[in-house]
$ cat target_39.txt   # compact mmCIF, C-alpha atoms and all ligand atoms
# COMPACT_ATOMS: atom_id res chain seq x y z
CA MET A 538 -40.94 -18.18 19.84
CA ALA A 539 -38.30 -15.67 20.86
CA THR A 540 -36.61 -15.81 24.21
CA PRO A 541 -37.46 -12.78 26.39
CA LEU A 542 -34.77 -10.14 26.57
CA ARG A 543 -32.41 -10.65 29.46
CA ARG A 544 -30.26 -7.95 30.99
CA ASP A 545 -27.74 -10.21 32.69
CA GLY A 546 -24.12 -9.27 33.24
CA ARG A 547 -24.98 -5.69 34.23
CA ASP A 548 -22.49 -5.88 37.08
CA ALA A 549 -19.67 -6.08 34.55
CA HIS A 550 -20.86 -3.13 32.48
CA PRO A 551 -20.06 0.49 33.21
CA ASP A 552 -22.67 2.74 34.72
CA ARG A 553 -24.59 4.66 32.09
CA ASP A 554 -23.53 7.88 33.77
CA HIS A 555 -19.82 7.89 34.61
CA PRO A 556 -18.86 11.44 35.73
CA ALA A 557 -15.15 11.04 34.91
CA TYR A 558 -16.13 10.20 31.31
CA ARG A 559 -18.02 13.44 30.75
CA SER A 560 -19.85 12.71 27.52
CA THR A 561 -21.64 9.74 29.09
CA ALA A 562 -24.04 12.32 30.55
CA LEU A 563 -25.32 12.88 27.01
CA ARG A 564 -25.68 9.22 26.10
CA HIS A 565 -28.29 7.77 28.40
CA PRO A 566 -32.00 8.38 28.74
CA LYS A 567 -33.26 10.65 31.50
CA GLN A 568 -36.59 8.81 31.68
CA PRO A 569 -37.27 5.18 32.66
CA LEU A 570 -36.83 2.74 29.79
CA VAL A 571 -39.90 1.54 27.92
CA PRO A 572 -39.92 -2.27 27.75
CA LEU A 573 -40.38 -3.93 24.38
CA HIS A 574 -43.54 -6.02 24.37
CA ASP A 575 -42.84 -7.74 21.08
CA PRO A 576 -39.18 -8.76 21.13
CA GLU A 577 -39.76 -11.39 18.47
CA THR A 578 -40.35 -8.69 15.88
CA GLU A 579 -37.37 -6.69 17.06
CA LEU A 580 -35.00 -9.63 16.99
CA ALA A 581 -36.09 -11.08 13.68
CA ARG A 582 -35.30 -8.17 11.33
CA PRO A 583 -33.31 -6.97 9.59
CA PHE A 584 -31.29 -10.10 8.91
CA LEU A 585 -27.71 -9.40 7.87
CA GLY A 586 -26.58 -12.21 5.63
CA ALA A 587 -23.23 -13.08 4.05
CA GLY A 588 -23.92 -11.45 0.68
CA PRO A 589 -22.56 -7.93 1.12
CA VAL A 590 -19.25 -8.97 2.73
CA ALA A 591 -16.48 -8.91 0.13
CA PRO A 592 -13.43 -11.21 0.32
CA LEU A 593 -10.98 -8.42 1.18
CA ASP A 594 -13.20 -6.52 3.61
CA HIS A 595 -11.24 -8.08 6.48
CA ASP A 596 -7.93 -6.63 5.24
CA LEU A 597 -7.68 -2.95 6.13
CA THR A 598 -4.22 -2.81 4.54
CA ALA A 599 -5.50 -3.76 1.08
CA GLN A 600 -8.23 -1.19 0.47
CA HIS A 601 -6.13 1.35 -1.45
CA ASP A 602 -3.35 1.55 -4.01
CA GLY A 603 -0.55 1.05 -1.49
CA PRO A 604 -0.03 -0.28 2.02
CA PRO A 605 -0.78 2.03 4.95
CA LEU A 606 1.95 3.29 7.23
CA GLY A 607 2.35 1.69 10.62
CA GLU A 608 2.89 -1.61 12.36
CA ARG A 609 1.06 -4.33 10.42
CA ILE A 610 -0.87 -6.61 12.75
CA VAL A 611 -3.26 -9.54 12.62
CA VAL A 612 -6.19 -9.43 15.05
CA THR A 613 -8.07 -12.67 15.44
CA GLY A 614 -10.21 -14.56 17.91
CA ARG A 615 -13.43 -16.43 18.38
CA VAL A 616 -16.97 -15.20 18.88
CA LEU A 617 -18.61 -17.29 21.60
CA ASP A 618 -22.00 -17.36 23.21
CA GLY A 619 -22.50 -17.32 26.96
CA ASN A 620 -21.90 -21.07 27.15
CA GLY A 621 -18.59 -20.92 25.29
CA THR A 622 -20.04 -22.28 22.05
CA PRO A 623 -18.34 -20.81 18.93
CA LEU A 624 -20.72 -18.82 16.73
CA ALA A 625 -20.29 -19.27 12.98
CA GLY A 626 -21.40 -16.77 10.35
CA GLN A 627 -21.40 -13.76 12.68
CA LEU A 628 -20.88 -10.35 11.14
CA VAL A 629 -17.97 -8.60 12.86
CA GLU A 630 -17.22 -4.98 11.98
CA VAL A 631 -14.26 -2.86 13.09
CA TRP A 632 -13.24 0.76 12.84
CA GLN A 633 -10.12 2.45 14.11
CA ALA A 634 -7.71 5.37 13.86
CA ASN A 635 -4.64 5.13 11.63
CA ALA A 636 -1.14 4.54 12.96
CA SER A 637 -0.82 8.25 13.80
CA GLY A 638 -3.98 8.24 15.88
CA ARG A 639 -6.30 9.95 13.41
CA TYR A 640 -9.62 8.75 12.03
CA ALA A 641 -10.33 9.21 8.34
CA GLN A 642 -13.69 10.85 9.12
CA ALA A 643 -13.85 14.60 8.49
CA GLU A 644 -15.05 15.17 12.06
CA ASP A 645 -11.66 14.17 13.45
CA ARG A 646 -9.66 17.38 13.89
CA HIS A 647 -6.67 15.83 15.63
CA ASP A 648 -3.48 17.40 14.35
CA ALA A 649 -1.97 14.15 13.09
CA PRO A 650 -1.46 13.09 9.46
CA LEU A 651 -4.11 11.30 7.49
CA ASP A 652 -2.99 8.24 5.56
CA PRO A 653 -4.31 8.10 1.98
CA ASN A 654 -3.90 4.32 2.09
CA PHE A 655 -5.95 3.76 5.22
CA THR A 656 -9.67 4.19 5.78
CA GLY A 657 -9.79 2.22 9.01
CA VAL A 658 -12.99 0.24 8.46
CA GLY A 659 -13.35 -3.48 7.94
CA ARG A 660 -15.67 -6.41 8.41
CA CYS A 661 -15.82 -10.16 8.11
CA LEU A 662 -17.92 -13.17 8.99
CA THR A 663 -16.81 -15.75 11.52
CA ASP A 664 -15.93 -19.10 10.02
CA ALA A 665 -17.33 -22.50 11.00
CA ALA A 666 -15.22 -22.46 14.18
CA GLY A 667 -16.46 -18.99 15.15
CA VAL A 668 -13.14 -17.38 14.21
CA TYR A 669 -12.81 -13.84 12.85
CA ARG A 670 -9.55 -12.43 11.47
CA PHE A 671 -8.52 -8.93 10.46
CA VAL A 672 -5.32 -7.60 8.94
CA THR A 673 -4.68 -3.97 9.83
CA VAL A 674 -2.13 -1.59 11.36
CA LYS A 675 -1.87 -0.85 15.04
CA PRO A 676 -3.87 2.31 15.74
CA GLY A 677 -2.12 5.19 17.47
CA PRO A 678 -3.39 6.89 20.64
CA TYR A 679 -5.23 10.17 20.18
CA PRO A 680 -6.26 13.13 22.35
CA TRP A 681 -9.98 13.60 23.02
CA ARG A 682 -10.49 16.73 25.18
CA ASN A 683 -12.36 14.85 27.93
CA HIS A 684 -10.02 16.22 30.58
CA ASP A 685 -6.54 17.69 30.88
CA LYS A 686 -4.00 15.60 28.91
CA ALA A 687 -6.68 13.11 27.89
CA TRP A 688 -5.30 10.52 25.45
CA ARG A 689 -7.21 7.42 24.42
CA PRO A 690 -5.13 4.22 24.52
CA SER A 691 -4.70 2.46 21.19
CA HIS A 692 -7.94 0.63 20.51
CA ILE A 693 -10.09 -0.94 17.83
CA HIS A 694 -13.87 -0.54 17.88
CA PHE A 695 -15.83 -3.76 17.34
CA SER A 696 -19.48 -4.22 16.40
CA LEU A 697 -21.26 -7.58 16.40
CA PHE A 698 -24.76 -7.96 15.15
CA GLY A 699 -25.80 -11.47 16.01
CA THR A 700 -28.80 -11.95 13.75
CA ALA A 701 -30.46 -8.58 14.16
CA PHE A 702 -29.93 -4.91 14.96
CA ALA A 703 -31.63 -5.40 18.32
CA SER A 704 -28.84 -7.70 19.47
CA ARG A 705 -26.02 -5.43 18.31
CA LEU A 706 -23.03 -5.19 20.63
CA ILE A 707 -20.41 -2.48 20.34
CA THR A 708 -17.19 -2.68 22.30
CA GLN A 709 -13.52 -1.78 22.14
CA MET A 710 -10.38 -3.89 22.06
CA TYR A 711 -7.20 -2.65 23.70
CA PHE A 712 -3.56 -3.68 23.43
CA PRO A 713 -1.59 -5.34 26.25
CA GLY A 714 0.82 -3.21 28.22
CA ASP A 715 -0.52 0.13 27.00
CA PRO A 716 0.62 2.74 29.56
CA LEU A 717 -2.48 4.83 28.89
CA LEU A 718 -4.95 2.21 30.10
CA PRO A 719 -4.90 3.26 33.80
CA TYR A 720 -5.66 6.87 32.78
CA ASP A 721 -8.50 6.16 30.37
CA PRO A 722 -11.97 6.92 31.80
CA VAL A 723 -13.59 4.73 29.13
CA MET A 724 -11.60 1.69 30.26
CA GLN A 725 -11.85 2.69 33.92
CA SER A 726 -15.64 3.04 33.72
CA VAL A 727 -15.78 -0.77 33.47
CA ASN A 728 -15.70 -2.69 36.74
CA PRO A 729 -12.11 -3.72 37.64
CA GLY A 730 -12.78 -7.44 37.31
CA ALA A 731 -14.01 -7.05 33.74
CA ARG A 732 -11.39 -4.67 32.32
CA GLU A 733 -8.99 -7.41 31.30
CA ARG A 734 -11.65 -8.88 29.03
CA MET A 735 -11.20 -5.84 26.81
CA VAL A 736 -7.44 -6.32 26.37
CA ALA A 737 -6.09 -8.56 23.61
CA SER A 738 -3.09 -10.85 24.07
CA PHE A 739 0.00 -10.91 21.91
CA ASP A 740 -0.19 -14.25 20.14
CA LEU A 741 2.70 -16.03 18.48
CA GLU A 742 0.39 -18.39 16.64
CA ALA A 743 -1.40 -15.47 15.00
CA THR A 744 1.92 -13.77 14.25
CA VAL A 745 3.10 -14.17 10.66
CA ASP A 746 6.87 -14.51 10.23
CA GLN A 747 8.48 -11.58 8.44
CA TRP A 748 5.12 -9.91 7.95
CA ALA A 749 2.91 -9.08 10.95
CA THR A 750 2.59 -9.41 14.71
CA GLY A 751 -0.54 -11.16 15.95
CA TYR A 752 -3.08 -10.39 18.65
CA ARG A 753 -5.81 -12.66 19.94
CA TRP A 754 -9.07 -11.50 21.44
CA ASP A 755 -12.09 -13.71 22.04
CA ILE A 756 -15.51 -12.07 22.24
CA VAL A 757 -18.21 -13.59 24.42
CA LEU A 758 -21.73 -12.52 23.60
CA ARG A 759 -24.23 -12.48 26.42
CA GLY A 760 -27.85 -11.59 26.88
CA PRO A 761 -30.34 -11.46 24.02
CA GLY A 762 -27.92 -12.60 21.32
CA ALA A 763 -26.69 -15.64 23.21
CA ALA A 764 -30.20 -16.77 24.15
CA LEU A 765 -31.38 -16.48 20.56
CA PHE A 766 -28.45 -18.47 19.16
CA GLU A 767 -28.91 -21.22 21.68
CA GLU A 768 -32.41 -21.78 20.38
CA GLY A 769 -31.04 -22.10 16.87
CA GLU A 770 -33.00 -19.27 15.33
CA GLY A 771 -29.97 -17.84 13.51
FE FE V 1 -11.93 5.44 19.05

$ encode --input "target_39.txt" --output "structure tokens" --more "lines below"
Ligand SMILES: [Fe+2]
Amino acid sequence: MATPLRRDGRDAHPDRDHPAYRSTALRHPKQPLVPLHDPETELARPFLGAGPVAPLDHDLTAQHDGPPLGERIVVTGRVLDGNGTPLAGQLVEVWQANASGRYAQAEDRHDAPLDPNFTGVGRCLTDAAGVYRFVTVKPGPYPWRNHDKAWRPSHIHFSLFGTAFASRLITQMYFPGDPLLPYDPVMQSVNPGARERMVASFDLEATVDQWATGYRWDIVLRGPGAALFEEGEG
């Protein structure tokens, strides 16, 4: 039997409508939410297994004929449930801009060069210790027209599925010491006490000599995903 959906941790999440981050006005319902009466069905399908993930999907620098431009980095960490238990076999997906701050998608009109050797999308499964690991290049900041002189700090988008679409979590990872963080309405929409959870740490252990700098960022899942995993339904 599925655990009822819980909406804990709301105090740490940004308000759905954050006036300084203008497009949030378009992203939340205007009517009261309709509760799901059959969460078991919603949480059980579709199941995303290990099959489609290819061995090099975690390496965003190895998807084309040559290496992409930019600062090669390793981004790694653990996926944990609300009790700090590592979660194995979790699908982790990332997408990001290239080193110049431009996404490969046609919709991105930022006047910065595309990189024919960088698509900016990757995925992997956590190992038995709940560890994910990506090889990529550090994304550049980019302008986004939200307000005057609006530049997004360097960031990597993360998606975690748990065992079902209904437990999907999407978040962003930032880099330590980025001078744009205090000016970013996306980051600032999160309560002050929770902002640091979105910033990775430089990590010497993850750094590879003569090859790449390393960043560590642990991801703690809460709410529906964590409750489901604790009952061993994954
Ligand atoms: Fe982005």

$ atom_distance --input "target_39.txt" --atom1 "CA of Leu697 in chain A" --atom2 "CA of Asp740 in chain A"
22.4 Å

$ residues_around --input "target_39.txt" --residues "range 746-756 of chain A" --least-positions-apart "3" --cutoff "12 Å" --atoms "only C-alpha atoms" --output "ChimeraX atom specification"
/A:598,607-619,621-624,627,629,663,667-675,693,695-697,706-713,733-743,759,763

$ axis_aligned_box --input "target_39.txt" --around "range 653-670 of chain A" --padding-each-side "3 Å" --output "JSON"
{"center_x": -10.9, "center_y": -7.2, "center_z": 8.6, "size_x": 20.0, "size_y": 36.6, "size_z": 19.2}

$ residues_near_ligand --input "target_39.txt" --ligand "ligand FE 1 (chain V)" --cutoff "10 Å" --atoms "all atoms listed in the file" --output "number ranges by chain"
A: 632-634, 638-640, 676-679, 681, 689-694, 709-710

$ atom_distance --input "target_39.txt" --atom1 "CA of Val590 in chain A" --atom2 "CA of Val745 in chain A"
24.3 Å

$ closest_residue --input "target_39.txt" --among "A:Pro729, A:Pro680, A:Gly659, A:Asp715" --to "His647 in chain A" --atoms "all atoms listed in the file"
A:Pro680

$ atom_distance --input "target_39.txt" --atom1 "CA of Leu593 in chain A" --atom2 "CA of Pro605 in chain A"
15.1 Å

$ closest_residue --input "target_39.txt" --among "A:Thr561, A:Ser726, A:Ser704, A:Thr656" --to "Leu628 in chain A" --atoms "all atoms listed in the file"
A:Ser704

$ residues_around --input "target_39.txt" --residues "Asp594 in chain A" --least-positions-apart "6" --cutoff "8 Å" --atoms "all atoms listed in the file" --output "number ranges by chain"
A: 600, 659-661

$ closest_residue --input "target_39.txt" --among "A:His595, A:Lys686, A:Arg732, A:His555" --to "Leu662 in chain A" --atoms "only C-alpha atoms"
A:His595

$ residues_around --input "target_39.txt" --residues "Asp652 in chain A" --least-positions-apart "5" --cutoff "8 Å" --atoms "all atoms listed in the file" --output "list in words"
Pro605, Leu606, Asn635 and Ala641 of chain A

$ write_last_selection --input "target_39.txt" --atoms "C-alpha atoms" --output "tab-separated table (two decimals), keeping the file's coordinate frame"
chain	number	residue	atom	x	y	z
A	605	PRO	CA	-0.78	2.03	4.95
A	606	LEU	CA	1.95	3.29	7.23
A	635	ASN	CA	-4.64	5.13	11.63
A	641	ALA	CA	-10.33	9.21	8.34

$ closest_residue --input "target_39.txt" --among "A:Tyr558, A:His684, A:Asp721, A:Asp664" --to "Gly626 in chain A" --atoms "all atoms listed in the file"
A:Asp664
